[in-house]
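Written out below as structure tokens is the structure these notes cover.
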Amino acid sequence: MRNKVTKAIFPVAGLGTRFLPATKSVPKEIMTLVDRPLIQYAIDEARAAGIKEFIFVTSRGKGALEDYFDHSPQLENELRKKGKTDLLEILKTTNMDSGAIAYMRQHKALGLGHAVWCARRLIGNEPFAVILPDDVIAAEKPCLQQMVEAYEETGGNMVAAMEVPAAKASSYGVLDIKEDMGSMVSVNGMVEKPEPGTEPSNLAVIGRYILSPHVLKNLNKIKSGAGGEIQLTDAIAQEIGTERGVYGYRFRGQRFDCGSKSGFLQATVAFGLSRDDLRDDLHAYLTDLMATEKAAQ
Ligand code: G1P
């Protein structure tokens with residue numbers, strides 16, 4: 001029997017400089033798509049995949065994140081007094097069971113690999129998931145759940161994967177494919193942020209991982225890689241050729257790069273259109289806007 005994946009790491013220590021000045025006082029992960037902060041989408045996805053322990057790797061100035069998952073007695077009392085049970089229900093999705101959530105500080109911004117390594121003692125000797133909240137994935141079956149199901153068959157190490165245009169490959173970790181089995185590929189190599197033109201394929205790593213605890217041991221020894229940072233990709237690549245191996249999983253769903261302004265706006269529109277209470281208004285507005293633009297051309 002394979003160990004169940006019950007722990008997930010959420011690296012949330014980044015400064016979010018691309019969203020300054022907003023991120024001067026609001027952590028990037030608290031920025032909202034429609035009415036839910038980015039981090040809520042990540043947590044909901046993890047819950048759907050059976051995750052029970054949520055480990056946040058944070059940094060200075062992320063207090064709003066801790067408060068977000070806490071109870072808010074004053075607000076809850078007010079809503080109760082006013083009989084707003086629907087809003088109380090919505091608030092419940094932000095609460096965590098006691099002991100289910102842990103915060104670990106990354107004291108230096110040394111890269112994603114280092115952030116994951118900071119959580120090593122909380123992971124111990126079990127497989128674990130990593131979710132990068134910047135990558136928001138709209139899917140009928142949540143992406144991590146798809147991966148957990150696939151992982152039950154393969155074990156090893158699994159990264160979410162998606163084809164990207166060759167011109168964009170240098171922004172990602174990129175897979176060197178050994179065998180392509182459709183939704184799954186086995187991997188011969190992985191390169192973090194390859195120089196343009198040197199990418200081994202156009203299959204890029206997206207921010208969902210199911211990893212063996214060996215990756216944490218590899219991180220003990222990893223030297224800084226692309227961009228001078230300790231890269232998770234390099235620690236995973238060391239698993240290639242072991243009995244565990246590395247797989248890429250082509251998930252079903254649409255990924256938004258909410259680490260970029262354009263991706264964030266696209267996600268806002270897409271999630272707005274997917275909501276029954278907003279679709280008609282937003283659709284009418286967008287149709288109008290397009291018509292006006294066309295007329296002006
Ligand atoms: C990180 C990973 C990279 C991955 C990407 C997906 O890069 O290091 O391998 O392809 O997330 O979003 P970042 O976007 O943090 O530079």
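In the structure tokens, each chain is lettered A, B, ... as it comes, each chain's residues begin at 1, and ligands are numbered from 1 in order of appearance.
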
| said: At a cut-off of 6 Å and counting only C-alpha atoms and all ligand atoms, what residues surround ligand 1? Please answer as a count of residues only. | reply: 9

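Non-sequential neighbours of Gly61 (chain A) (distance at most 9 Å, separation of 4 or more positions within a chain, only C-alpha atoms) are Leu15, Lys24, Ser25, Val26 and Pro27 of chain A.
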
Hey, could you make a per-residue contact list for region 152-233 of chain A against region 249-263 of chain A with 8 Å as the cut-off, showing the nearest pair of atoms and its distance in Å to one decimal, counting only C-alpha atoms, sorted by chain and number, as CSV?
residue,atom,partner,partner_atom,distance
A:Met158,CA,A:Tyr249,CA,6.7
A:Val159,CA,A:Tyr249,CA,6.1
A:Ala160,CA,A:Tyr249,CA,4.9
A:Ala161,CA,A:Arg250,CA,4.9
A:Met162,CA,A:Arg250,CA,5.8
A:Gly182,CA,A:Arg250,CA,7.8
A:Ser183,CA,A:Arg250,CA,4.9
A:Met184,CA,A:Tyr249,CA,4.7
A:Val185,CA,A:Tyr249,CA,6.5

The selected residues should be written to file as a short mmCIF file (atom, residue, chain, number, x, y, z; two decimals), in the first residue's frame (atoms: C-alpha atoms).
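Result written to out38.cif:
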data_model
loop_
_atom_site.label_atom_id
_atom_site.label_comp_id
_atom_site.auth_asym_id
_atom_site.auth_seq_id
_atom_site.Cartn_x
_atom_site.Cartn_y
_atom_site.Cartn_z
CA MET A 158 5.11 13.73 -10.11
CA VAL A 159 4.98 17.27 -11.45
CA ALA A 160 2.06 18.94 -13.21
CA ALA A 161 2.94 19.63 -16.82
CA MET A 162 1.58 21.72 -19.68
CA GLY A 182 -0.43 10.56 -23.14
CA SER A 183 -1.60 12.09 -19.89
CA MET A 184 1.62 10.89 -18.28
CA VAL A 185 5.23 11.17 -19.40
#

Where does region 42-150 of chain A meet region 217-220 of chain A within 12 Å, residue by residue, with the nearest atom pair and distance in Å to one decimal for each, counting only C-alpha atoms, listed by chain and rising number, as a Markdown table?
| residue | atom | partner | partner_atom | distance |
| --- | --- | --- | --- | --- |
| A:Gly111 | CA | A:Leu219 | CA | 11.3 |
| A:Leu112 | CA | A:Leu219 | CA | 10.5 |
| A:Gly113 | CA | A:Leu219 | CA | 6.8 |
| A:His114 | CA | A:Leu219 | CA | 7.3 |
| A:Ala115 | CA | A:Leu219 | CA | 10.1 |
| A:Val116 | CA | A:Leu219 | CA | 8.6 |
| A:Trp117 | CA | A:Leu219 | CA | 6.3 |
| A:Cys118 | CA | A:Leu219 | CA | 9.9 |
| A:Ala119 | CA | A:Leu219 | CA | 11.3 |
| A:Arg120 | CA | A:Lys217 | CA | 8.7 |
| A:Arg121 | CA | A:Lys217 | CA | 11.1 |
| A:Ile123 | CA | A:Lys217 | CA | 11.5 |
| A:Gly124 | CA | A:Lys217 | CA | 10.5 |
| A:Asn125 | CA | A:Lys217 | CA | 10.1 |

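Computed from the coordinates, the CA of Lys7 (chain A) to CA of Ile55 (chain A) distance equals 7.4 Å.
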
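In this comparison, which uses only C-alpha atoms, the residue of A:Ala150, A:Leu273, A:Leu144, A:Ala235 approaching Gly189 (chain A) most closely is A:Ala235.
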
Contact residues around Ser72 (chain A) with only C-alpha atoms at 12 Å, ignoring same-chain residues under 3 positions, as a tab-separated table (two decimals) with N, CA, C and O atoms, in the first residue's frame:
chain	number	residue	atom	x	y	z
A	66	GLU	N	-1.99	34.65	8.03
A	66	GLU	CA	-2.29	33.90	9.25
A	66	GLU	C	-3.68	34.29	9.76
A	66	GLU	O	-4.46	33.43	10.17
A	67	ASP	N	-3.98	35.58	9.71
A	67	ASP	CA	-5.29	36.03	10.19
A	67	ASP	C	-6.41	35.46	9.32
A	67	ASP	O	-7.49	35.15	9.80
A	68	TYR	N	-6.13	35.34	8.04
A	68	TYR	CA	-7.17	34.89	7.12
A	68	TYR	C	-7.71	33.51	7.51
A	68	TYR	O	-8.90	33.24	7.41
A	69	PHE	N	-6.83	32.65	7.99
A	69	PHE	CA	-7.26	31.28	8.32
A	69	PHE	C	-7.69	31.13	9.78
A	69	PHE	O	-7.97	30.04	10.24
A	75	LEU	N	-16.52	39.37	13.95
A	75	LEU	CA	-17.25	39.33	12.67
A	75	LEU	C	-18.31	38.23	12.69
A	75	LEU	O	-19.47	38.44	12.29
A	76	GLU	N	-17.94	37.06	13.21
A	76	GLU	CA	-18.90	35.94	13.24
A	76	GLU	C	-20.10	36.27	14.12
A	76	GLU	O	-21.25	35.97	13.76
A	77	ASN	N	-19.86	36.92	15.29
A	77	ASN	CA	-20.96	37.31	16.17
A	77	ASN	C	-21.91	38.28	15.50
A	77	ASN	O	-23.13	38.13	15.58
A	78	GLU	N	-21.33	39.25	14.83
A	78	GLU	CA	-22.14	40.25	14.13
A	78	GLU	C	-23.05	39.58	13.10
A	78	GLU	O	-24.24	39.85	13.02
A	79	LEU	N	-22.45	38.68	12.32
A	79	LEU	CA	-23.21	38.01	11.26
A	79	LEU	C	-24.31	37.14	11.88
A	79	LEU	O	-25.43	37.07	11.36
A	88	LEU	N	-21.98	33.28	7.06
A	88	LEU	CA	-21.27	32.46	8.06
A	88	LEU	C	-20.75	31.18	7.43
A	88	LEU	O	-19.64	30.72	7.71
A	91	LEU	N	-17.68	31.91	5.46
A	91	LEU	CA	-16.52	32.11	6.35
A	91	LEU	C	-15.94	30.78	6.82
A	91	LEU	O	-14.74	30.65	7.03
A	92	LYS	N	-16.83	29.79	7.00
A	92	LYS	CA	-16.37	28.48	7.48
A	92	LYS	C	-15.29	27.87	6.60
A	92	LYS	O	-14.40	27.17	7.06
A	94	THR	N	-12.90	29.20	5.38
A	94	THR	CA	-11.58	29.77	5.66
A	94	THR	C	-10.98	29.23	6.95
A	94	THR	O	-9.83	29.50	7.26
A	95	ASN	N	-11.79	28.51	7.72
A	95	ASN	CA	-11.29	28.01	9.01
A	95	ASN	C	-10.59	26.68	8.85
A	95	ASN	O	-10.94	25.87	8.00

| query | Separation of CA of Ser274 (chain A) and CA of Ala138 (chain A), in Å? | reply | 9.8 Å

| task | Write down as a list in words the residues belonging to region 100-167 of chain A that are assigned helix (DSSP H, G or I) by DSSP computed on the backbone. | result | Leu112, Gly113, His114, Ala115, Val116, Trp117, Cys118, Arg120, Arg121, Leu122, Ile123, Cys143, Leu144, Gln145, Gln146, Met147, Val148, Glu149, Ala150, Tyr151, Glu152, Glu153, Thr154, Ala166 and Ala167 of chain A

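For the atom pair formed by CA of Gly156 (chain A) and CA of Val246 (chain A), the distance is 6.2 Å, given to one decimal.
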
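With distances restricted to only C-alpha atoms, A:Pro196 is the closest residue to Pro165 (chain A) from A:Pro213, A:Pro196, A:Glu153, A:Val148.
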
| Non-local contacts of Ala102 (chain A) (9 Å; only C-alpha atoms; under 3 positions in same chain excluded) as number ranges by chain | A: 53-57, 99, 122

| If you count only C-alpha atoms, which residues fall within 8 Å of Phe128 (chain A), apart from same-chain ones fewer than 6 positions away, as number ranges by chain? | A: 5-9, 210-213

| task | Run DSSP on the backbone of this structure and report the residues of region 82-290 of chain A it assigns to strand (DSSP E or B), as a PyMOL selection string. | result | chain A and resi 101-105+128-131+135-138+157-163+173-180+184-192+203-211+246-250+254-257

| task | Can you pull out every residue within 9 Å of Ala48 (chain A), counting only C-alpha atoms, but drop anything in the same chain fewer than 4 positions away, and send it as a PyMOL selection string? | result | chain A and resi 43-44+141-142+144-145

| message | Which residues are near Glu243 (chain A)? Cut-off 12 Å, only C-alpha atoms, ignore same chain within fewer than 4 positions. Put them as a PyMOL selection string. | response | chain A and resi 154-157+212+214+238-239

Go ahead and save the residues from that selection, with N, CA, C and O atoms, as a CSV table (one decimal), in the first residue's frame.
chain,number,residue,atom,x,y,z
A,154,THR,N,1.4,5.3,-10.0
A,154,THR,CA,2.8,5.3,-10.3
A,154,THR,C,3.7,5.4,-9.1
A,154,THR,O,4.8,4.9,-9.2
A,155,GLY,N,3.3,6.1,-8.1
A,155,GLY,CA,4.2,6.4,-7.0
A,155,GLY,C,5.3,7.3,-7.5
A,155,GLY,O,5.1,8.0,-8.5
A,156,GLY,N,6.5,7.4,-6.9
A,156,GLY,CA,7.6,8.2,-7.4
A,156,GLY,C,7.4,9.6,-7.1
A,156,GLY,O,7.0,10.1,-6.0
A,157,ASN,N,7.8,10.4,-8.1
A,157,ASN,CA,7.6,11.9,-8.0
A,157,ASN,C,6.8,12.3,-9.2
A,157,ASN,O,7.1,11.9,-10.3
A,212,SER,N,8.5,12.6,-3.3
A,212,SER,CA,9.0,11.7,-2.3
A,212,SER,C,9.9,12.5,-1.3
A,212,SER,O,10.5,13.5,-1.7
A,214,HIS,N,12.6,11.8,-0.4
A,214,HIS,CA,14.0,11.9,-0.8
A,214,HIS,C,14.4,13.2,-1.4
A,214,HIS,O,15.6,13.6,-1.4
A,238,GLN,N,17.3,15.0,-9.5
A,238,GLN,CA,18.2,14.0,-8.9
A,238,GLN,C,17.5,12.7,-8.6
A,238,GLN,O,18.1,11.7,-8.3
A,239,GLU,N,16.2,12.7,-8.7
A,239,GLU,CA,15.4,11.5,-8.5
A,239,GLU,C,15.3,10.6,-9.8
A,239,GLU,O,14.9,9.5,-9.7

| Closest of A:Lys81, A:Arg208, A:Arg275, A:Lys193 to Ile137 (chain A) - atom-to-atom distances counting only C-alpha atoms | A:Arg208

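When only C-alpha atoms are used to compute distances to Val215 (chain A), the closest of the residues A:Thr58, A:Ser98, A:Thr32, A:Gln231 turns out to be A:Gln231.
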